[in-house]
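Visitor: mmCIF, C-alpha atoms, file start_2.cif:
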```cif
data_upload
#
loop_
_atom_site.label_atom_id
_atom_site.label_comp_id
_atom_site.auth_asym_id
_atom_site.auth_seq_id
_atom_site.Cartn_x
_atom_site.Cartn_y
_atom_site.Cartn_z
CA MET A 1420 14.87 -19.26 -15.48
CA SER A 1421 12.70 -22.17 -14.47
CA LYS A 1422 9.18 -22.34 -15.86
CA THR A 1423 7.49 -23.42 -12.63
CA ALA A 1424 4.86 -20.98 -11.33
CA ILE A 1425 6.18 -18.63 -8.66
CA SER A 1426 3.92 -18.37 -5.62
CA ASN A 1427 2.23 -15.09 -4.79
CA SER A 1428 4.13 -14.70 -1.52
CA VAL A 1429 7.47 -15.05 -3.30
CA ILE A 1430 6.37 -12.50 -5.91
CA ARG A 1431 5.48 -10.06 -3.11
CA ARG A 1432 9.05 -10.33 -1.79
CA LEU A 1433 10.74 -9.85 -5.17
CA PRO A 1434 10.49 -6.02 -5.31
CA ARG A 1435 12.17 -5.81 -1.89
CA TYR A 1436 14.97 -8.17 -2.94
CA TYR A 1437 15.40 -6.07 -6.07
CA ARG A 1438 15.70 -2.87 -4.02
CA PHE A 1439 18.14 -4.40 -1.54
CA LEU A 1440 20.35 -5.85 -4.25
CA GLY A 1441 20.39 -2.42 -5.92
CA GLU A 1442 21.59 -0.81 -2.69
CA LEU A 1443 24.27 -3.49 -2.30
CA GLU A 1444 25.43 -2.91 -5.89
CA THR A 1445 25.61 0.86 -5.26
CA ASN A 1446 27.72 0.14 -2.17
CA GLY A 1447 30.20 -1.92 -4.20
CA TYR A 1448 29.12 -5.45 -3.28
CA ILE A 1449 30.05 -8.07 -5.89
CA ARG A 1450 28.66 -11.08 -4.05
CA ILE A 1451 26.76 -11.83 -0.88
CA SER A 1452 25.93 -14.96 1.11
CA SER A 1453 22.34 -15.83 1.97
CA ARG A 1454 23.29 -15.46 5.66
CA GLU A 1455 24.57 -11.92 5.19
CA LEU A 1456 21.57 -10.95 3.05
CA SER A 1457 19.19 -12.47 5.61
CA GLU A 1458 20.71 -10.39 8.43
CA LYS A 1459 20.38 -7.20 6.41
CA MET A 1460 16.81 -7.95 5.40
CA GLY A 1461 15.45 -9.44 8.61
CA LEU A 1462 14.56 -12.75 6.92
CA THR A 1463 15.98 -16.23 7.51
CA ALA A 1464 18.77 -17.49 5.26
CA SER A 1465 16.75 -20.58 4.38
CA GLN A 1466 13.78 -18.42 3.32
CA ILE A 1467 16.07 -16.49 0.98
CA ARG A 1468 17.57 -19.66 -0.49
CA GLN A 1469 14.11 -21.14 -1.03
CA ASP A 1470 12.85 -17.94 -2.70
CA PHE A 1471 15.80 -17.70 -5.09
CA ASN A 1472 15.58 -21.41 -5.91
CA CYS A 1473 12.11 -20.73 -7.35
CA PHE A 1474 13.57 -19.15 -10.43
CA GLY A 1475 16.83 -20.89 -11.08
CA GLU A 1476 20.33 -21.69 -9.92
CA PHE A 1477 21.89 -18.55 -8.53
CA GLY A 1478 23.79 -19.41 -5.39
CA GLN A 1479 27.05 -21.31 -5.38
CA GLN A 1480 28.11 -23.26 -2.32
CA GLY A 1481 30.84 -21.26 -0.54
CA TYR A 1482 30.50 -18.29 -2.90
CA GLY A 1483 27.00 -16.95 -2.32
CA TYR A 1484 25.13 -14.89 -4.86
CA ASN A 1485 26.49 -12.62 -7.56
CA VAL A 1486 24.69 -9.38 -6.66
CA SER A 1487 24.53 -7.89 -10.14
CA ASP A 1488 23.43 -11.11 -11.90
CA LEU A 1489 20.79 -11.87 -9.31
CA ARG A 1490 19.40 -8.32 -9.42
CA SER A 1491 19.29 -8.33 -13.19
CA GLU A 1492 17.46 -11.68 -13.26
CA ILE A 1493 14.88 -10.52 -10.67
CA GLY A 1494 14.44 -7.31 -12.69
CA LYS A 1495 13.65 -9.37 -15.81
CA ILE A 1496 11.13 -11.51 -13.91
CA LEU A 1497 9.46 -8.31 -12.68
CA GLY A 1498 9.30 -6.94 -16.23
CA LEU A 1499 11.44 -3.93 -15.34
CA ASN A 1500 13.28 -4.10 -18.66
CA LYS A 1501 9.95 -3.15 -20.31
CA LYS A 1502 8.40 0.30 -20.32
CA SER A 1503 4.64 -0.29 -20.46
CA PRO A 1504 2.70 2.86 -21.35
CA MET A 1505 0.64 4.07 -18.38
CA ILE A 1506 -1.85 6.88 -17.86
CA LEU A 1507 -3.01 8.70 -14.74
CA ILE A 1508 -6.76 9.14 -14.21
CA GLY A 1509 -7.42 11.86 -11.66
CA ALA A 1510 -4.80 14.58 -11.25
CA GLY A 1511 -5.93 15.97 -7.89
CA ASN A 1512 -3.73 16.07 -4.78
CA LEU A 1513 -3.05 12.36 -4.60
CA GLY A 1514 -2.71 11.73 -8.34
CA LYS A 1515 -0.36 14.66 -8.72
CA ALA A 1516 1.77 13.53 -5.77
CA ILE A 1517 2.04 10.00 -7.18
CA ALA A 1518 2.88 11.21 -10.68
CA SER A 1519 5.68 13.42 -9.38
CA HIS A 1520 6.94 11.08 -6.65
CA ILE A 1521 7.28 7.80 -8.55
CA ASP A 1522 10.19 6.86 -10.79
CA PHE A 1523 8.05 5.09 -13.40
CA LYS A 1524 10.83 4.18 -15.82
CA ASN A 1525 12.63 2.16 -13.14
CA LYS A 1526 9.43 0.32 -12.22
CA GLY A 1527 8.59 -1.01 -15.70
CA PHE A 1528 6.32 1.82 -16.84
CA ASP A 1529 6.29 5.03 -18.85
CA LEU A 1530 3.80 7.71 -17.80
CA ILE A 1531 2.42 9.00 -21.11
CA GLY A 1532 -0.74 10.90 -20.12
CA ALA A 1533 -2.91 12.30 -17.34
CA PHE A 1534 -6.64 13.01 -17.34
CA ASP A 1535 -9.09 14.88 -15.14
CA VAL A 1536 -12.65 16.20 -15.24
CA ASN A 1537 -11.67 19.44 -13.49
CA PRO A 1538 -11.12 22.27 -16.06
CA GLU A 1539 -8.79 24.00 -13.57
CA LEU A 1540 -6.37 21.08 -13.74
CA VAL A 1541 -6.51 20.60 -17.53
CA GLY A 1542 -3.37 22.04 -19.13
CA LYS A 1543 -1.28 21.77 -15.95
CA THR A 1544 1.81 19.52 -15.90
CA VAL A 1545 2.07 16.55 -13.52
CA GLY A 1546 4.97 14.10 -13.50
CA GLY A 1547 6.18 15.48 -16.83
CA VAL A 1548 2.88 15.08 -18.71
CA THR A 1549 0.08 17.54 -19.44
CA VAL A 1550 -3.32 16.99 -17.84
CA THR A 1551 -5.92 16.45 -20.57
CA ASP A 1552 -9.71 16.67 -20.39
CA ILE A 1553 -11.21 13.25 -19.59
CA ASN A 1554 -13.44 13.58 -22.69
CA GLU A 1555 -10.35 13.04 -24.81
CA LEU A 1556 -9.49 9.76 -23.07
CA GLU A 1557 -10.84 7.39 -25.72
CA ALA A 1558 -9.19 9.20 -28.64
CA PHE A 1559 -5.91 9.23 -26.72
CA CYS A 1560 -6.13 5.49 -25.97
CA LEU A 1561 -6.87 4.66 -29.60
CA GLN A 1562 -3.74 6.50 -30.64
CA HIS A 1563 -1.29 5.71 -27.81
CA LYS A 1564 -2.59 2.34 -26.55
CA PRO A 1565 -1.76 2.56 -22.83
CA SER A 1566 -1.73 -0.90 -21.22
CA ALA A 1567 -1.92 0.38 -17.64
CA ALA A 1568 -3.75 3.08 -15.70
CA ILE A 1569 -3.47 4.70 -12.26
CA LEU A 1570 -6.92 5.21 -10.74
CA CYS A 1571 -6.98 8.26 -8.45
CA VAL A 1572 -10.63 9.20 -8.85
CA PRO A 1573 -13.44 9.31 -6.28
CA MET A 1574 -14.98 5.91 -5.51
CA THR A 1575 -18.28 6.87 -7.19
CA ALA A 1576 -16.54 7.65 -10.49
CA ALA A 1577 -14.42 4.50 -10.48
CA PRO A 1578 -16.76 1.83 -11.97
CA ALA A 1579 -17.64 3.83 -15.12
CA ILE A 1580 -14.08 4.96 -15.78
CA ALA A 1581 -12.73 1.45 -15.22
CA ASN A 1582 -15.23 0.08 -17.75
CA LYS A 1583 -14.19 2.68 -20.29
CA LEU A 1584 -10.49 1.97 -19.77
CA ILE A 1585 -10.97 -1.79 -20.11
CA ASN A 1586 -12.89 -1.23 -23.36
CA CYS A 1587 -9.97 0.91 -24.51
CA GLY A 1588 -7.57 -2.00 -23.96
CA VAL A 1589 -6.13 -1.15 -20.53
CA LYS A 1590 -5.11 -4.42 -18.87
CA ALA A 1591 -3.46 -3.37 -15.60
CA PHE A 1592 -4.69 -1.01 -12.90
CA TRP A 1593 -2.81 0.67 -10.07
CA ASN A 1594 -5.91 1.27 -8.02
CA PHE A 1595 -5.94 3.94 -5.29
CA THR A 1596 -9.75 3.91 -5.02
CA HIS A 1597 -11.79 1.61 -2.82
CA TYR A 1598 -13.61 0.24 -5.85
CA ASP A 1599 -13.13 -3.52 -5.94
CA LEU A 1600 -12.18 -3.81 -9.58
CA ARG A 1601 -11.50 -7.55 -9.50
CA VAL A 1602 -14.99 -8.42 -8.28
CA GLU A 1603 -16.48 -7.23 -11.59
CA HIS A 1604 -13.49 -7.53 -13.88
CA SER A 1605 -11.63 -10.71 -13.00
CA GLU A 1606 -9.71 -10.54 -16.29
CA VAL A 1607 -7.66 -7.44 -15.42
CA ILE A 1608 -4.51 -7.17 -13.33
CA VAL A 1609 -5.01 -5.01 -10.26
CA GLU A 1610 -2.62 -3.75 -7.64
CA ASN A 1611 -4.60 -2.02 -4.90
CA VAL A 1612 -3.17 0.70 -2.69
CA HIS A 1613 -5.81 1.16 -0.02
CA LEU A 1614 -4.32 3.96 2.04
CA GLY A 1615 -7.33 4.12 4.36
CA ASP A 1616 -7.20 0.38 5.06
CA SER A 1617 -3.48 0.62 5.71
CA LEU A 1618 -3.98 3.38 8.29
CA THR A 1619 -6.83 1.42 9.88
CA THR A 1620 -4.49 -1.57 10.24
CA LEU A 1621 -1.98 0.69 11.98
CA SER A 1622 -4.75 1.76 14.36
CA TYR A 1623 -5.40 -1.90 15.15
CA GLY A 1624 -1.69 -2.47 15.85
CA LEU A 1625 -1.38 0.54 18.11
CA ASN A 1626 -4.50 -0.29 20.09
CA SER A 1627 -3.98 -4.04 20.42
CA GLU A 1628 -0.44 -3.21 21.62
CA LYS A 1629 -1.96 -0.97 24.30
CA HIS A 1630 -4.34 -3.76 25.29
CA SER A 1631 -1.57 -6.29 25.65
CA LYS A 1632 0.34 -4.19 28.19
CA MET B 218 -15.30 -10.33 22.10
CA SER B 219 -13.24 -13.48 22.44
CA LYS B 220 -9.71 -13.16 23.80
CA THR B 221 -8.10 -15.54 21.33
CA ALA B 222 -5.43 -13.99 19.13
CA ILE B 223 -6.71 -12.96 15.71
CA SER B 224 -4.48 -14.07 12.85
CA ASN B 225 -2.69 -11.52 10.73
CA SER B 226 -4.61 -12.48 7.58
CA VAL B 227 -7.96 -11.94 9.33
CA ILE B 228 -6.74 -8.55 10.62
CA ARG B 229 -5.80 -7.57 7.06
CA ARG B 230 -9.38 -8.26 5.94
CA LEU B 231 -11.04 -6.33 8.79
CA PRO B 232 -10.68 -2.81 7.29
CA ARG B 233 -12.35 -4.00 4.11
CA TYR B 234 -15.23 -5.60 6.02
CA TYR B 235 -15.56 -2.37 7.97
CA ARG B 236 -15.76 -0.33 4.75
CA PHE B 237 -18.29 -2.67 3.13
CA LEU B 238 -20.53 -2.75 6.19
CA GLY B 239 -20.41 1.07 6.26
CA GLU B 240 -21.60 1.18 2.64
CA LEU B 241 -24.37 -1.31 3.40
CA GLU B 242 -25.46 0.80 6.39
CA THR B 243 -25.53 3.92 4.21
CA ASN B 244 -27.67 2.04 1.72
CA GLY B 245 -30.19 1.13 4.41
CA TYR B 246 -29.26 -2.50 5.07
CA ILE B 247 -30.25 -3.72 8.56
CA ARG B 248 -29.02 -7.28 8.19
CA ILE B 249 -27.14 -9.36 5.66
CA SER B 250 -26.44 -13.06 5.19
CA SER B 251 -22.90 -14.34 4.82
CA ARG B 252 -23.87 -15.55 1.32
CA GLU B 253 -25.02 -12.09 0.23
CA LEU B 254 -21.98 -10.42 1.76
CA SER B 255 -19.69 -12.98 0.10
CA GLU B 256 -21.16 -12.24 -3.33
CA LYS B 257 -20.70 -8.52 -2.88
CA MET B 258 -17.12 -8.88 -1.63
CA GLY B 259 -15.85 -11.65 -3.88
CA LEU B 260 -15.08 -13.97 -0.94
CA THR B 261 -16.61 -17.31 0.00
CA ALA B 262 -19.42 -17.40 2.56
CA SER B 263 -17.49 -19.89 4.68
CA GLN B 264 -14.45 -17.56 4.73
CA ILE B 265 -16.64 -14.75 6.03
CA ARG B 266 -18.24 -16.96 8.69
CA GLN B 267 -14.81 -18.16 9.82
CA ASP B 268 -13.44 -14.61 9.99
CA PHE B 269 -16.34 -13.29 12.03
CA ASN B 270 -16.25 -16.29 14.35
CA CYS B 271 -12.73 -15.18 15.38
CA PHE B 272 -14.11 -12.39 17.50
CA GLY B 273 -17.44 -13.58 18.81
CA GLU B 274 -20.96 -14.66 18.09
CA PHE B 275 -22.43 -12.37 15.47
CA GLY B 276 -24.37 -14.41 12.97
CA GLN B 277 -27.70 -16.03 13.76
CA GLN B 278 -28.87 -19.05 11.82
CA GLY B 279 -31.53 -17.90 9.35
CA TYR B 280 -31.06 -14.23 10.22
CA GLY B 281 -27.54 -13.38 9.14
CA TYR B 282 -25.59 -10.50 10.58
CA ASN B 283 -26.86 -7.26 12.03
CA VAL B 284 -24.94 -4.77 9.84
CA SER B 285 -24.69 -1.95 12.36
CA ASP B 286 -23.68 -4.14 15.34
CA LEU B 287 -21.10 -6.03 13.33
CA ARG B 288 -19.59 -2.83 11.93
CA SER B 289 -19.45 -1.24 15.36
CA GLU B 290 -17.73 -4.29 16.86
CA ILE B 291 -15.14 -4.46 14.03
CA GLY B 292 -14.57 -0.71 14.51
CA LYS B 293 -13.81 -1.28 18.20
CA ILE B 294 -11.40 -4.11 17.42
CA LEU B 295 -9.64 -1.80 14.95
CA GLY B 296 -9.39 0.95 17.60
CA LEU B 297 -11.44 3.37 15.48
CA ASN B 298 -13.25 4.67 18.56
CA LYS B 299 -9.88 6.15 19.67
CA LYS B 300 -8.21 9.22 18.20
CA SER B 301 -4.48 8.59 18.61
CA PRO B 302 -2.43 11.77 18.09
CA MET B 303 -0.36 11.54 14.90
CA ILE B 304 2.21 13.76 13.23
CA LEU B 305 3.40 14.03 9.64
CA ILE B 306 7.15 14.08 9.00
CA GLY B 307 7.89 15.44 5.54
CA ALA B 308 5.35 17.80 3.99
CA GLY B 309 6.51 17.60 0.37
CA ASN B 310 4.30 16.44 -2.51
CA LEU B 311 3.49 13.03 -1.09
CA GLY B 312 3.16 14.05 2.57
CA LYS B 313 0.93 16.94 1.62
CA ALA B 314 -1.29 14.74 -0.55
CA ILE B 315 -1.67 12.16 2.21
CA ALA B 316 -2.44 14.77 4.86
CA SER B 317 -5.17 16.31 2.72
CA HIS B 318 -6.54 13.08 1.24
CA ILE B 319 -6.97 10.94 4.36
CA ASP B 320 -9.89 11.15 6.78
CA PHE B 321 -7.77 10.59 9.91
CA LYS B 322 -10.56 10.89 12.47
CA ASN B 323 -12.45 7.99 10.89
CA LYS B 324 -9.32 5.82 10.87
CA GLY B 325 -8.49 6.08 14.58
CA PHE B 326 -6.12 9.04 14.42
CA ASP B 327 -5.98 12.78 14.87
CA LEU B 328 -3.40 14.68 12.80
CA ILE B 329 -1.95 17.20 15.25
CA GLY B 330 1.25 18.40 13.56
CA ALA B 331 3.44 18.40 10.45
CA PHE B 332 7.19 18.92 10.18
CA ASP B 333 9.68 19.60 7.42
CA VAL B 334 13.30 20.73 6.97
CA ASN B 335 12.40 22.94 4.00
CA PRO B 336 11.98 26.59 5.10
CA GLU B 337 9.70 27.18 2.10
CA LEU B 338 7.17 24.69 3.49
CA VAL B 339 7.31 25.88 7.11
CA GLY B 340 4.24 27.95 7.93
CA LYS B 341 2.11 26.42 5.16
CA THR B 342 -1.04 24.48 6.05
CA VAL B 343 -1.43 20.78 5.17
CA GLY B 344 -4.41 18.66 6.19
CA GLY B 345 -5.54 21.37 8.60
CA VAL B 346 -2.23 21.68 10.48
CA THR B 347 0.65 24.13 10.12
CA VAL B 348 4.02 22.84 8.92
CA THR B 349 6.62 23.43 11.64
CA ASP B 350 10.43 23.43 11.41
CA ILE B 351 11.79 19.94 12.13
CA ASN B 352 14.06 21.48 14.81
CA GLU B 353 10.99 22.00 16.95
CA LEU B 354 9.99 18.33 16.76
CA GLU B 355 11.27 17.27 20.18
CA ALA B 356 9.74 20.20 22.05
CA PHE B 357 6.43 19.52 20.27
CA CYS B 358 6.51 15.82 21.18
CA LEU B 359 7.27 16.59 24.83
CA GLN B 360 4.22 18.80 24.96
CA HIS B 361 1.72 16.96 22.72
CA LYS B 362 2.89 13.33 23.04
CA PRO B 363 2.01 11.97 19.58
CA SER B 364 1.87 8.16 19.60
CA ALA B 365 2.07 7.79 15.81
CA ALA B 366 3.96 9.34 12.90
CA ILE B 367 3.70 9.35 9.11
CA LEU B 368 7.15 9.06 7.54
CA CYS B 369 7.30 10.83 4.17
CA VAL B 370 11.00 11.72 4.17
CA PRO B 371 13.78 10.63 1.79
CA MET B 372 15.21 7.19 2.57
CA THR B 373 18.54 8.68 3.70
CA ALA B 374 16.85 10.84 6.34
CA ALA B 375 14.63 8.06 7.66
CA PRO B 376 16.90 6.19 10.16
CA ALA B 377 17.87 9.32 12.16
CA ILE B 378 14.36 10.75 12.24
CA ALA B 379 12.87 7.37 13.24
CA ASN B 380 15.36 7.13 16.13
CA LYS B 381 14.43 10.59 17.30
CA LEU B 382 10.70 9.86 17.12
CA ILE B 383 11.06 6.58 19.02
CA ASN B 384 13.02 8.41 21.72
CA CYS B 385 10.19 10.93 21.86
CA GLY B 386 7.68 8.14 22.58
CA VAL B 387 6.25 7.49 19.10
CA LYS B 388 5.11 3.85 18.97
CA ALA B 389 3.48 3.48 15.58
CA PHE B 390 4.73 4.42 12.13
CA TRP B 391 2.89 4.80 8.83
CA ASN B 392 5.99 4.37 6.75
CA PHE B 393 6.11 5.61 3.13
CA THR B 394 9.90 5.36 2.94
CA HIS B 395 11.84 2.26 1.94
CA TYR B 396 13.64 2.26 5.28
CA ASP B 397 13.03 -1.09 6.98
CA LEU B 398 12.10 0.23 10.38
CA ARG B 399 11.32 -3.16 11.90
CA VAL B 400 14.76 -4.58 11.17
CA GLU B 401 16.33 -2.14 13.66
CA HIS B 402 13.33 -1.33 15.85
CA SER B 403 11.37 -4.52 16.40
CA GLU B 404 9.48 -2.90 19.29
CA VAL B 405 7.53 -0.41 17.16
CA ILE B 406 4.36 -0.96 15.14
CA VAL B 407 4.90 -0.34 11.46
CA GLU B 408 2.54 -0.23 8.52
CA ASN B 409 4.54 0.11 5.33
CA VAL B 410 3.21 1.67 2.15
CA HIS B 411 5.83 0.86 -0.43
CA LEU B 412 4.44 2.55 -3.50
CA GLY B 413 7.43 1.61 -5.63
CA ASP B 414 7.15 -2.06 -4.68
CA SER B 415 3.45 -1.99 -5.42
CA LEU B 416 4.02 -0.61 -8.91
CA THR B 417 6.80 -3.15 -9.47
CA THR B 418 4.37 -5.93 -8.56
CA LEU B 419 1.92 -4.55 -11.12
CA SER B 420 4.69 -4.69 -13.70
CA TYR B 421 5.22 -8.35 -12.85
CA GLY B 422 1.48 -9.03 -13.27
CA LEU B 423 1.28 -7.27 -16.61
CA ASN B 424 4.36 -8.95 -18.03
CA SER B 425 3.72 -12.46 -16.74
CA GLU B 426 0.22 -12.09 -18.25
CA LYS B 427 1.80 -11.22 -21.59
CA HIS B 428 4.12 -14.22 -21.36
CA SER B 429 1.30 -16.60 -20.66
CA LYS B 430 -0.51 -15.74 -23.88
#
```
Please lay out the structure from this file as structure tokens.
Guide:
Amino acid sequence: MSKTAISNSVIRRLPRYYRFLGELETNGYIRISSRELSEKMGLTASQIRQDFNCFGEFGQQGYGYNVSDLRSEIGKILGLNKKSPMILIGAGNLGKAIASHIDFKNKGFDLIGAFDVNPELVGKTVGGVTVTDINELEAFCLQHKPSAAILCVPMTAAPAIANKLINCGVKAFWNFTHYDLRVEHSEVIVENVHLGDSLTTLSYGLNSEKHSK
Amino acid sequence: MSKTAISNSVIRRLPRYYRFLGELETNGYIRISSRELSEKMGLTASQIRQDFNCFGEFGQQGYGYNVSDLRSEIGKILGLNKKSPMILIGAGNLGKAIASHIDFKNKGFDLIGAFDVNPELVGKTVGGVTVTDINELEAFCLQHKPSAAILCVPMTAAPAIANKLINCGVKAFWNFTHYDLRVEHSEVIVENVHLGDSLTTLSYGLNSEKHSK
């Protein structure tokens, strides 16, 4: 793998390549040309070649890409061979759905704990772990050293809990709140899922489409 | 509002501006300078001025922006004054969480129905609507004409259900599946929420961070 920095836009495409290559592998593909892959993915062949060239020599003229090798290499770049310990903060509707819906182990993580302030949720099981009282968070972190956390708490609770988690050594946040973590904590890694913003963008698309007719 | 096309990257920032301006309004702000707004949002002042210039004359030299007017104008651009009828397809864990978590009316939509194949879910209430058997989908669409749908079904079920919805007049999809709707249906508006890809990207961030130390 080459040591040159991979651009953010290439990184954003890597998970999709990884998924597609996995489907191809399941369907018995041994190799695939950039043209064939581009048709399946709705990208241009030259875009695909450029992207893959960022991290090494994978294609062979007249042969294409070895599906399994390429997938495995992209998986390594994405850190999917690791299982970073992750905790869920907020086990309400959304947190519970995420914990049970996501296949953490195949995404580079291991869900090892869940926390909530609500006594009615404490003791329940979500995504294979037991919901613990938030007051036990620091003791848990000291012992189990999670490096990542899912934030599914109300916006107002987010700044204080984020501070606490960062002090406990959490480095990466999967942030479902609207709290702009990176503005105050530029040192942490944040992946935002702003469901409300996403739906608002869909509203824009639907209404600008109407306008253009 | 100017008629020039707004770039995709500006559109992506609009929901966040809209949210921030709403918070400022709640906190009693009447006006704000681009510098002040930039500090709060972690953007540059010139970025903000450029973005707002895309859709008209809002700032005044030495005055800044009128918070309420600017928010209202961005809301109109985003179509938030409309209430497009929307249905949920798939009322399992994730679909249920989304239906109950999201404030549809403030995002330009009105959730008017939910559908599932699972007889155990039919008749239950999610997000204020009753889950209906998927076999009644077409009759419902004929009568209520939803223009948007939330796809929370397994990947394998997605292509057939998307086809059916498009035939029923659905134009916009909030897509939580990994089915690449736009590859086969370039005419529809799609906003993808790929939770798995998002978590994979977080894994990349956490592991490339480790490597760089």
Visitor: For atom CA of B:Ile406 and atom CA of B:Phe393, quote the distance in Å rounded to one decimal.
Guide: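 Going from atom CA of B:Ile406 over to atom CA of B:Phe393 covers 13.8 Å.
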Visitor: What residues in chain A lie within 8 Å of chain B, counting all atoms listed in the file, written as a PyMOL selection string?
Guide: chain A and resi 1430-1431+1434-1435+1459-1461+1496-1499+1512-1513+1515-1517+1519-1522+1526-1528+1590-1593+1599+1602+1608-1610+1612+1614-1627
Visitor: Residues of the last selection are to be written out with C-alpha atoms, as a PDB file, in the frame of the given file.
Guide:
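After the write, again.pdb holds the following:
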```pdb
ATOM      1  CA  ILE A1430       6.370 -12.500  -5.910  1.00  0.00           C
ATOM      2  CA  ARG A1431       5.480 -10.060  -3.110  1.00  0.00           C
ATOM      3  CA  PRO A1434      10.490  -6.020  -5.310  1.00  0.00           C
ATOM      4  CA  ARG A1435      12.170  -5.810  -1.890  1.00  0.00           C
ATOM      5  CA  LYS A1459      20.380  -7.200   6.410  1.00  0.00           C
ATOM      6  CA  MET A1460      16.810  -7.950   5.400  1.00  0.00           C
ATOM      7  CA  GLY A1461      15.450  -9.440   8.610  1.00  0.00           C
ATOM      8  CA  ILE A1496      11.130 -11.510 -13.910  1.00  0.00           C
ATOM      9  CA  LEU A1497       9.460  -8.310 -12.680  1.00  0.00           C
ATOM     10  CA  GLY A1498       9.300  -6.940 -16.230  1.00  0.00           C
ATOM     11  CA  LEU A1499      11.440  -3.930 -15.340  1.00  0.00           C
ATOM     12  CA  ASN A1512      -3.730  16.070  -4.780  1.00  0.00           C
ATOM     13  CA  LEU A1513      -3.050  12.360  -4.600  1.00  0.00           C
ATOM     14  CA  LYS A1515      -0.360  14.660  -8.720  1.00  0.00           C
ATOM     15  CA  ALA A1516       1.770  13.530  -5.770  1.00  0.00           C
ATOM     16  CA  ILE A1517       2.040  10.000  -7.180  1.00  0.00           C
ATOM     17  CA  SER A1519       5.680  13.420  -9.380  1.00  0.00           C
ATOM     18  CA  HIS A1520       6.940  11.080  -6.650  1.00  0.00           C
ATOM     19  CA  ILE A1521       7.280   7.800  -8.550  1.00  0.00           C
ATOM     20  CA  ASP A1522      10.190   6.860 -10.790  1.00  0.00           C
ATOM     21  CA  LYS A1526       9.430   0.320 -12.220  1.00  0.00           C
ATOM     22  CA  GLY A1527       8.590  -1.010 -15.700  1.00  0.00           C
ATOM     23  CA  PHE A1528       6.320   1.820 -16.840  1.00  0.00           C
ATOM     24  CA  LYS A1590      -5.110  -4.420 -18.870  1.00  0.00           C
ATOM     25  CA  ALA A1591      -3.460  -3.370 -15.600  1.00  0.00           C
ATOM     26  CA  PHE A1592      -4.690  -1.010 -12.900  1.00  0.00           C
ATOM     27  CA  TRP A1593      -2.810   0.670 -10.070  1.00  0.00           C
ATOM     28  CA  ASP A1599     -13.130  -3.520  -5.940  1.00  0.00           C
ATOM     29  CA  VAL A1602     -14.990  -8.420  -8.280  1.00  0.00           C
ATOM     30  CA  ILE A1608      -4.510  -7.170 -13.330  1.00  0.00           C
ATOM     31  CA  VAL A1609      -5.010  -5.010 -10.260  1.00  0.00           C
ATOM     32  CA  GLU A1610      -2.620  -3.750  -7.640  1.00  0.00           C
ATOM     33  CA  VAL A1612      -3.170   0.700  -2.690  1.00  0.00           C
ATOM     34  CA  LEU A1614      -4.320   3.960   2.040  1.00  0.00           C
ATOM     35  CA  GLY A1615      -7.330   4.120   4.360  1.00  0.00           C
ATOM     36  CA  ASP A1616      -7.200   0.380   5.060  1.00  0.00           C
ATOM     37  CA  SER A1617      -3.480   0.620   5.710  1.00  0.00           C
ATOM     38  CA  LEU A1618      -3.980   3.380   8.290  1.00  0.00           C
ATOM     39  CA  THR A1619      -6.830   1.420   9.880  1.00  0.00           C
ATOM     40  CA  THR A1620      -4.490  -1.570  10.240  1.00  0.00           C
ATOM     41  CA  LEU A1621      -1.980   0.690  11.980  1.00  0.00           C
ATOM     42  CA  SER A1622      -4.750   1.760  14.360  1.00  0.00           C
ATOM     43  CA  TYR A1623      -5.400  -1.900  15.150  1.00  0.00           C
ATOM     44  CA  GLY A1624      -1.690  -2.470  15.850  1.00  0.00           C
ATOM     45  CA  LEU A1625      -1.380   0.540  18.110  1.00  0.00           C
ATOM     46  CA  ASN A1626      -4.500  -0.290  20.090  1.00  0.00           C
ATOM     47  CA  SER A1627      -3.980  -4.040  20.420  1.00  0.00           C
TER      48      SER A1627
END
```
Visitor: Interatomic distance between atom CA of A:Ile1451 and atom CA of A:Asp1470?
Guide: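 If I compute the distance from atom CA of A:Ile1451 to atom CA of A:Asp1470, I get 15.3 Å.
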Visitor: Which residue is closest to A:Ala1577? Choose from A:Ser1605, A:Glu1555, A:Ala1533, A:Ile1508 and count all atoms listed in the file.
Guide: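 That would be A:Ile1508, the residue with the smallest distance to A:Ala1577.
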Visitor: Which is closest to A:Phe1471 among A:Ile1425, A:Leu1600, A:Leu1540, A:Leu1507, if we use only C-alpha atoms?
Guide: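 With only C-alpha atoms as the atom set, the closest residue is A:Ile1425.
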Visitor: Quick one, how far is atom CA of B:Leu241 from atom CA of B:Asn283?
Guide: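 Interatomic distance here is 10.8 Å.
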Visitor: Once the PyMOL selection byres ((chain A and resi 1552) around 9) has been evaluated on this model, what residues remain selected, and can you format them as a PyMOL selection string?
Guide: chain A and resi 1533-1538+1540-1542+1550-1551+1553-1556
Visitor: Would you mind exporting the chosen residues as a CSV table (one decimal), in the coordinates of the input, restricted to C-alpha atoms?
Guide:
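Wrote result38.csv, looks like this:
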```
chain,number,residue,atom,x,y,z
A,1533,ALA,CA,-2.9,12.3,-17.3
A,1534,PHE,CA,-6.6,13.0,-17.3
A,1535,ASP,CA,-9.1,14.9,-15.1
A,1536,VAL,CA,-12.6,16.2,-15.2
A,1537,ASN,CA,-11.7,19.4,-13.5
A,1538,PRO,CA,-11.1,22.3,-16.1
A,1540,LEU,CA,-6.4,21.1,-13.7
A,1541,VAL,CA,-6.5,20.6,-17.5
A,1542,GLY,CA,-3.4,22.0,-19.1
A,1550,VAL,CA,-3.3,17.0,-17.8
A,1551,THR,CA,-5.9,16.4,-20.6
A,1553,ILE,CA,-11.2,13.2,-19.6
A,1554,ASN,CA,-13.4,13.6,-22.7
A,1555,GLU,CA,-10.4,13.0,-24.8
A,1556,LEU,CA,-9.5,9.8,-23.1
```
